[in-house]
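So this block is query27.pdb, PDB, C-alpha atoms, pLDDT in the B column:
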```pdb
ATOM      1  CA  MET X  16       6.556  -6.159  15.712  1.00 58.00           C
ATOM      2  CA  ASP X  17       7.814  -9.610  14.709  1.00 69.00           C
ATOM      3  CA  ASP X  18       7.648 -11.029  11.168  1.00 76.00           C
ATOM      4  CA  ASP X  19       4.357 -12.864  11.758  1.00 84.00           C
ATOM      5  CA  GLU X  20       2.740  -9.733  13.200  1.00 87.00           C
ATOM      6  CA  GLU X  21       3.965  -7.649  10.251  1.00 90.00           C
ATOM      7  CA  PHE X  22       2.532 -10.151   7.764  1.00 92.00           C
ATOM      8  CA  THR X  23      -0.772 -10.377   9.661  1.00 92.00           C
ATOM      9  CA  TYR X  24      -1.044  -6.576   9.710  1.00 93.00           C
ATOM     10  CA  ALA X  25      -0.298  -6.351   5.973  1.00 95.00           C
ATOM     11  CA  LEU X  26      -2.788  -9.092   5.104  1.00 96.00           C
ATOM     12  CA  LYS X  27      -5.566  -7.533   7.223  1.00 97.00           C
ATOM     13  CA  THR X  28      -4.896  -4.156   5.621  1.00 97.00           C
ATOM     14  CA  VAL X  29      -5.155  -5.535   2.068  1.00 97.00           C
ATOM     15  CA  LEU X  30      -8.192  -7.691   2.907  1.00 98.00           C
ATOM     16  CA  ARG X  31      -9.950  -4.522   4.107  1.00 97.00           C
ATOM     17  CA  ASP X  32      -9.630  -3.199   0.536  1.00 98.00           C
ATOM     18  CA  LEU X  33     -10.791  -6.517  -0.896  1.00 97.00           C
ATOM     19  CA  ARG X  34     -13.930  -6.433   1.278  1.00 96.00           C
ATOM     20  CA  ALA X  35     -14.581  -2.825   0.253  1.00 96.00           C
ATOM     21  CA  GLN X  36     -14.530  -3.403  -3.490  1.00 94.00           C
ATOM     22  CA  CYS X  37     -14.560  -7.050  -4.540  1.00 96.00           C
ATOM     23  CA  PRO X  38     -17.726  -9.144  -4.870  1.00 94.00           C
ATOM     24  CA  VAL X  39     -15.735 -12.392  -4.452  1.00 95.00           C
ATOM     25  CA  GLN X  40     -14.261 -13.059  -1.026  1.00 96.00           C
ATOM     26  CA  PRO X  41     -11.688 -15.695  -0.083  1.00 97.00           C
ATOM     27  CA  ASP X  42     -11.849 -18.546   2.347  1.00 96.00           C
ATOM     28  CA  ILE X  43      -8.589 -17.909   4.232  1.00 96.00           C
ATOM     29  CA  ARG X  44      -6.726 -20.878   5.705  1.00 93.00           C
ATOM     30  CA  LYS X  45      -3.391 -21.614   7.272  1.00 88.00           C
ATOM     31  CA  ASP X  46      -3.033 -25.111   5.796  1.00 75.00           C
ATOM     32  CA  ASP X  47       0.569 -25.903   6.604  1.00 75.00           C
ATOM     33  CA  ASP X  48       2.584 -24.895   9.653  1.00 73.00           C
ATOM     34  CA  GLU X  49       5.741 -24.879   7.502  1.00 74.00           C
ATOM     35  CA  PHE X  50       4.309 -22.303   5.060  1.00 77.00           C
ATOM     36  CA  ARG X  51       4.922 -18.729   6.216  1.00 81.00           C
ATOM     37  CA  GLY X  52       1.673 -17.359   4.900  1.00 91.00           C
ATOM     38  CA  VAL X  53      -1.936 -18.260   4.226  1.00 95.00           C
ATOM     39  CA  MET X  54      -3.947 -19.810   1.438  1.00 94.00           C
ATOM     40  CA  LEU X  55      -6.797 -17.918  -0.198  1.00 97.00           C
ATOM     41  CA  TYR X  56      -9.450 -20.195  -1.676  1.00 96.00           C
ATOM     42  CA  GLY X  57     -12.023 -19.063  -4.203  1.00 95.00           C
ATOM     43  CA  PRO X  58     -15.628 -20.215  -4.574  1.00 94.00           C
ATOM     44  CA  ASP X  59     -14.502 -22.796  -7.151  1.00 93.00           C
ATOM     45  CA  GLY X  60     -12.075 -24.382  -4.662  1.00 93.00           C
ATOM     46  CA  SER X  61      -8.911 -23.089  -6.325  1.00 93.00           C
ATOM     47  CA  GLY X  62      -6.318 -21.666  -3.998  1.00 93.00           C
ATOM     48  CA  GLN X  63      -3.320 -19.383  -4.004  1.00 94.00           C
ATOM     49  CA  GLY X  64      -0.709 -18.842  -1.349  1.00 94.00           C
ATOM     50  CA  VAL X  65      -0.021 -15.384   0.016  1.00 95.00           C
ATOM     51  CA  TYR X  66       3.193 -14.872   1.906  1.00 92.00           C
ATOM     52  CA  ALA X  67       5.759 -12.246   2.614  1.00 86.00           C
ATOM     53  CA  GLU X  68       9.352 -12.006   3.602  1.00 79.00           C
ATOM     54  CA  PRO X  69       9.305  -9.006   5.944  1.00 74.00           C
ATOM     55  CA  ASP X  70      12.377  -6.827   5.749  1.00 77.00           C
ATOM     56  CA  GLY X  71      11.383  -4.042   8.103  1.00 79.00           C
ATOM     57  CA  ARG X  72       9.825  -1.862   5.406  1.00 86.00           C
ATOM     58  CA  THR X  73       6.080  -1.864   6.070  1.00 89.00           C
ATOM     59  CA  ALA X  74       5.206  -0.147   2.798  1.00 92.00           C
ATOM     60  CA  MET X  75       7.104  -2.720   0.717  1.00 92.00           C
ATOM     61  CA  LEU X  76       5.446  -5.560   2.602  1.00 93.00           C
ATOM     62  CA  LEU X  77       1.995  -4.042   2.051  1.00 94.00           C
ATOM     63  CA  ALA X  78       2.610  -3.638  -1.684  1.00 95.00           C
ATOM     64  CA  HIS X  79       3.942  -7.216  -1.970  1.00 95.00           C
ATOM     65  CA  VAL X  80       0.928  -8.700  -0.161  1.00 97.00           C
ATOM     66  CA  ALA X  81      -1.438  -6.471  -2.184  1.00 97.00           C
ATOM     67  CA  ASP X  82       0.064  -7.809  -5.438  1.00 96.00           C
ATOM     68  CA  GLN X  83      -0.575 -11.387  -4.360  1.00 97.00           C
ATOM     69  CA  VAL X  84      -4.132 -10.744  -3.156  1.00 98.00           C
ATOM     70  CA  GLN X  85      -4.797  -8.891  -6.406  1.00 97.00           C
ATOM     71  CA  GLU X  86      -3.643 -11.935  -8.409  1.00 96.00           C
ATOM     72  CA  TRP X  87      -6.044 -14.108  -6.417  1.00 97.00           C
ATOM     73  CA  ALA X  88      -8.926 -11.644  -6.840  1.00 97.00           C
ATOM     74  CA  VAL X  89      -8.508 -11.327 -10.617  1.00 95.00           C
ATOM     75  CA  GLU X  90      -8.535 -15.123 -11.017  1.00 95.00           C
ATOM     76  CA  ALA X  91     -11.495 -15.537  -8.639  1.00 96.00           C
ATOM     77  CA  LEU X  92     -13.489 -12.816 -10.423  1.00 95.00           C
ATOM     78  CA  TRP X  93     -12.796 -14.370 -13.809  1.00 94.00           C
ATOM     79  CA  GLY X  94     -13.831 -17.784 -12.469  1.00 94.00           C
ATOM     80  CA  GLN X  95     -17.161 -16.328 -11.364  1.00 94.00           C
ATOM     81  CA  GLY X  96     -17.832 -14.660 -14.717  1.00 93.00           C
ATOM     82  CA  GLU X  97     -17.247 -11.176 -13.297  1.00 92.00           C
ATOM     83  CA  PRO X  98     -14.989  -8.539 -14.875  1.00 91.00           C
ATOM     84  CA  ALA X  99     -11.490  -9.600 -13.858  1.00 92.00           C
ATOM     85  CA  VAL X 100     -10.496  -6.165 -12.602  1.00 94.00           C
ATOM     86  CA  TRP X 101      -9.674  -5.503  -8.939  1.00 96.00           C
ATOM     87  CA  PRO X 102      -9.317  -2.968  -7.577  1.00 96.00           C
ATOM     88  CA  GLN X 103     -11.207  -0.941 -10.145  1.00 92.00           C
ATOM     89  CA  CYS X 104      -9.404   2.139 -11.457  1.00 94.00           C
ATOM     90  CA  PRO X 105     -11.884   4.945 -10.731  1.00 91.00           C
ATOM     91  CA  SER X 106     -10.726   6.839 -13.824  1.00 92.00           C
ATOM     92  CA  HIS X 107     -10.915   3.845 -16.162  1.00 90.00           C
ATOM     93  CA  PRO X 108     -13.594   1.423 -14.863  1.00 86.00           C
ATOM     94  CA  ASP X 109     -13.542  -2.117 -16.287  1.00 83.00           C
ATOM     95  CA  THR X 110     -10.374  -1.248 -18.225  1.00 88.00           C
ATOM     96  CA  HIS X 111      -7.552  -2.063 -15.834  1.00 93.00           C
ATOM     97  CA  PRO X 112      -7.017  -2.536 -12.133  1.00 95.00           C
ATOM     98  CA  LEU X 113      -5.093  -0.195  -9.925  1.00 97.00           C
ATOM     99  CA  ALA X 114      -1.489  -1.185  -9.244  1.00 97.00           C
ATOM    100  CA  ALA X 115       0.082  -1.567  -5.812  1.00 96.00           C
ATOM    101  CA  THR X 116       3.284   0.381  -5.382  1.00 95.00           C
ATOM    102  CA  VAL X 117       5.309   2.341  -2.870  1.00 93.00           C
ATOM    103  CA  GLU X 118       5.164   6.083  -3.259  1.00 85.00           C
ATOM    104  CA  GLU X 119       8.595   7.623  -2.892  1.00 75.00           C
ATOM    105  CA  VAL X 120       7.280  10.739  -1.173  1.00 55.00           C
ATOM    106  CA  GLU X 121       8.101  11.421   2.464  1.00 56.00           C
ATOM    107  CA  GLU X 122       7.986   8.125   4.365  1.00 66.00           C
ATOM    108  CA  GLY X 123       6.981   6.072   1.311  1.00 80.00           C
ATOM    109  CA  ASP X 124       3.358   4.984   1.639  1.00 91.00           C
ATOM    110  CA  ALA X 125       2.048   1.825  -0.012  1.00 95.00           C
ATOM    111  CA  VAL X 126      -0.597   3.051  -2.441  1.00 96.00           C
ATOM    112  CA  TRP X 127      -2.938   1.997  -5.240  1.00 97.00           C
ATOM    113  CA  VAL X 128      -2.199   3.942  -8.436  1.00 96.00           C
ATOM    114  CA  CYS X 129      -3.641   4.125 -11.929  1.00 96.00           C
ATOM    115  CA  PRO X 130      -1.084   2.363 -14.123  1.00 94.00           C
ATOM    116  CA  SER X 131      -1.934   4.656 -17.054  1.00 93.00           C
ATOM    117  CA  THR X 132      -1.643   8.041 -15.383  1.00 94.00           C
ATOM    118  CA  GLY X 133       0.277   7.295 -12.201  1.00 92.00           C
ATOM    119  CA  ALA X 134      -2.425   9.071 -10.171  1.00 93.00           C
ATOM    120  CA  THR X 135      -2.732   7.809  -6.615  1.00 94.00           C
ATOM    121  CA  ALA X 136      -6.232   6.520  -5.872  1.00 94.00           C
ATOM    122  CA  ALA X 137      -5.758   5.605  -2.201  1.00 95.00           C
ATOM    123  CA  ARG X 138      -3.344   4.268   0.337  1.00 95.00           C
ATOM    124  CA  ILE X 139      -3.462   0.489   0.562  1.00 97.00           C
ATOM    125  CA  GLY X 140      -6.051  -0.297   3.205  1.00 96.00           C
ATOM    126  CA  GLU X 141      -8.061   2.840   2.515  1.00 95.00           C
ATOM    127  CA  LEU X 142      -9.996   2.081  -0.673  1.00 95.00           C
ATOM    128  CA  PRO X 143     -13.499   3.483  -0.466  1.00 93.00           C
ATOM    129  CA  VAL X 144     -16.452   1.114  -0.471  1.00 90.00           C
ATOM    130  CA  SER X 145     -17.564   0.345  -4.040  1.00 79.00           C
ATOM    131  CA  GLU X 146     -20.445   2.279  -5.590  1.00 62.00           C
ATOM    132  CA  GLU X 147     -22.837  -0.552  -4.754  1.00 47.00           C
ATOM    133  CA  GLY X 148     -21.995   0.226  -1.136  1.00 35.00           C
ATOM    134  CA  GLY X 149     -21.940   4.012  -1.505  1.00 33.00           C
ATOM    135  CA  GLY X 150     -18.285   4.391  -2.454  1.00 36.00           C
ATOM    136  CA  VAL X 151     -16.376   6.990  -4.425  1.00 34.00           C
ATOM    137  CA  SER X 152     -17.387   7.811  -7.978  1.00 33.00           C
ATOM    138  CA  SER X 153     -15.029   8.055 -10.921  1.00 33.00           C
ATOM    139  CA  ARG X 154     -15.849  11.733 -11.277  1.00 30.00           C
ATOM    140  CA  ALA X 155     -14.939  12.422  -7.638  1.00 33.00           C
ATOM    141  CA  PHE X 156     -11.613  10.620  -8.099  1.00 32.00           C
ATOM    142  CA  ARG X 157     -10.752  12.628 -11.216  1.00 32.00           C
ATOM    143  CA  ARG X 158     -11.531  15.853  -9.364  1.00 33.00           C
ATOM    144  CA  GLY X 159      -9.215  14.701  -6.577  1.00 37.00           C
ATOM    145  CA  ARG X 160     -12.029  14.463  -4.047  1.00 33.00           C
ATOM    146  CA  GLY X 161     -13.080  11.597  -1.836  1.00 36.00           C
ATOM    147  CA  ARG X 162     -16.598  10.301  -1.358  1.00 34.00           C
ATOM    148  CA  ASP X 163     -17.055  12.824   1.453  1.00 36.00           C
ATOM    149  CA  GLY X 164     -16.403  15.623  -1.059  1.00 35.00           C
ATOM    150  CA  ARG X 165     -13.222  16.795   0.643  1.00 35.00           C
ATOM    151  CA  LYS X 166     -10.205  17.493  -1.499  1.00 36.00           C
ATOM    152  CA  ARG X 167      -7.591  14.748  -1.369  1.00 36.00           C
ATOM    153  CA  SER X 168      -3.869  15.198  -1.748  1.00 39.00           C
ATOM    154  CA  ARG X 169      -1.858  13.150  -4.233  1.00 36.00           C
ATOM    155  CA  ARG X 170      -1.120  10.773  -1.379  1.00 38.00           C
ATOM    156  CA  GLY X 171      -4.807   9.781  -1.131  1.00 39.00           C
ATOM    157  CA  ARG X 172      -5.304  11.311   2.317  1.00 33.00           C
TER     158      ARG X 172
END
```
So, in terms of structure tokens, how does the structure I just supplied come out?
Amino acid sequence: MDDDEEFTYALKTVLRDLRAQCPVQPDIRKDDDEFRGVMLYGPDGSGQGVYAEPDGRTAMLLAHVADQVQEWAVEALWGQGEPAVWPQCPSHPDTHPLAATVEEVEEGDAVWVCPSTGATAARIGELPVSEEGGGVSSRAFRRGRGRDGRKRSRRGR
């Protein structure tokens, strides 16, 4: 996979999570051929660049792109008068967002974690659909179970 393919894969993976849990969605554009990334535009017309410098570590790239998309989402939510928290921490709703990181277990998955407890909520790209769409409840997350009721490992599988 070349650098552009790696970035495209990472962006699509993170945008899947954004669609699953964020009421504000970006207008995505490739405005400049010189810029190695894309621009995300919010409903108010403000934009933010998302880019990555691939280094062969897919998990690091995913976490880096997730951080940038999260910055865009928080600003876009705030601009729309919504709680500026994305993705929602299932254990602490409307308190803080989950944090993108690389889990140092086995092959090192890129995951969303609660910044307070360190609990893994999901792998990046696998956030459940929000409660409005039938997603996982806070109680299910705390019990370590997914929306299907099956027990989840620490790695969010």
**Item:** Atom-to-atom span, atom CA of Asp82 of chain X and atom CA of Val128 of chain X, Å
**Value:** 12.3 Å
Applied to this file, what does the PyMOL selection byres ((chain X and resi 104) around 9) return in terms of residues, put as a PDB file with C-alpha atoms, keeping the file's coordinate frame?
```pdb
ATOM      1  CA  VAL X 100     -10.496  -6.165 -12.602  1.00 94.00           C
ATOM      2  CA  TRP X 101      -9.674  -5.503  -8.939  1.00 96.00           C
ATOM      3  CA  PRO X 102      -9.317  -2.968  -7.577  1.00 96.00           C
ATOM      4  CA  GLN X 103     -11.207  -0.941 -10.145  1.00 92.00           C
ATOM      5  CA  PRO X 105     -11.884   4.945 -10.731  1.00 91.00           C
ATOM      6  CA  SER X 106     -10.726   6.839 -13.824  1.00 92.00           C
ATOM      7  CA  HIS X 107     -10.915   3.845 -16.162  1.00 90.00           C
ATOM      8  CA  PRO X 108     -13.594   1.423 -14.863  1.00 86.00           C
ATOM      9  CA  ASP X 109     -13.542  -2.117 -16.287  1.00 83.00           C
ATOM     10  CA  THR X 110     -10.374  -1.248 -18.225  1.00 88.00           C
ATOM     11  CA  HIS X 111      -7.552  -2.063 -15.834  1.00 93.00           C
ATOM     12  CA  PRO X 112      -7.017  -2.536 -12.133  1.00 95.00           C
ATOM     13  CA  LEU X 113      -5.093  -0.195  -9.925  1.00 97.00           C
ATOM     14  CA  ALA X 114      -1.489  -1.185  -9.244  1.00 97.00           C
ATOM     15  CA  TRP X 127      -2.938   1.997  -5.240  1.00 97.00           C
ATOM     16  CA  VAL X 128      -2.199   3.942  -8.436  1.00 96.00           C
ATOM     17  CA  CYS X 129      -3.641   4.125 -11.929  1.00 96.00           C
ATOM     18  CA  PRO X 130      -1.084   2.363 -14.123  1.00 94.00           C
ATOM     19  CA  ALA X 136      -6.232   6.520  -5.872  1.00 94.00           C
ATOM     20  CA  SER X 153     -15.029   8.055 -10.921  1.00 33.00           C
TER      21      SER X 153
END
```
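Of the listed residues X:Val53, X:Ala137, X:Met75, X:Ile43, the one whose atoms come nearest to Val117 of chain X is X:Met75, with distances taken using only C-alpha atoms.
Residues with any atom within 10 Å of Asp18 of chain X, counting all atoms listed in the file and excluding same-chain neighbours fewer than 6 positions away, are Tyr24, Arg51, Ala67, Glu68, Pro69, Asp70 and Gly71 of chain X.
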**Message:** Just checking: using all atoms listed in the file, which residue out of X:Thr132, X:Pro98, X:Val144, X:Leu77 ends up closest to Lys27 of chain X?
**Reply:** X:Leu77
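Proximity ranking of X:Leu55, X:Cys37, X:Leu76, X:Val126 relative to Phe22 of chain X places X:Leu76 first, based on all atoms listed in the file.
The nearest approach to Gly60 of chain X among the residues X:Asp48, X:Val80, X:Ala91, X:Ala74, with all atoms listed in the file taken into account, belongs to X:Ala91.
Reported to one decimal place, the separation of atom CA of Ala88 of chain X from atom CA of Gln36 of chain X is 10.5 Å.
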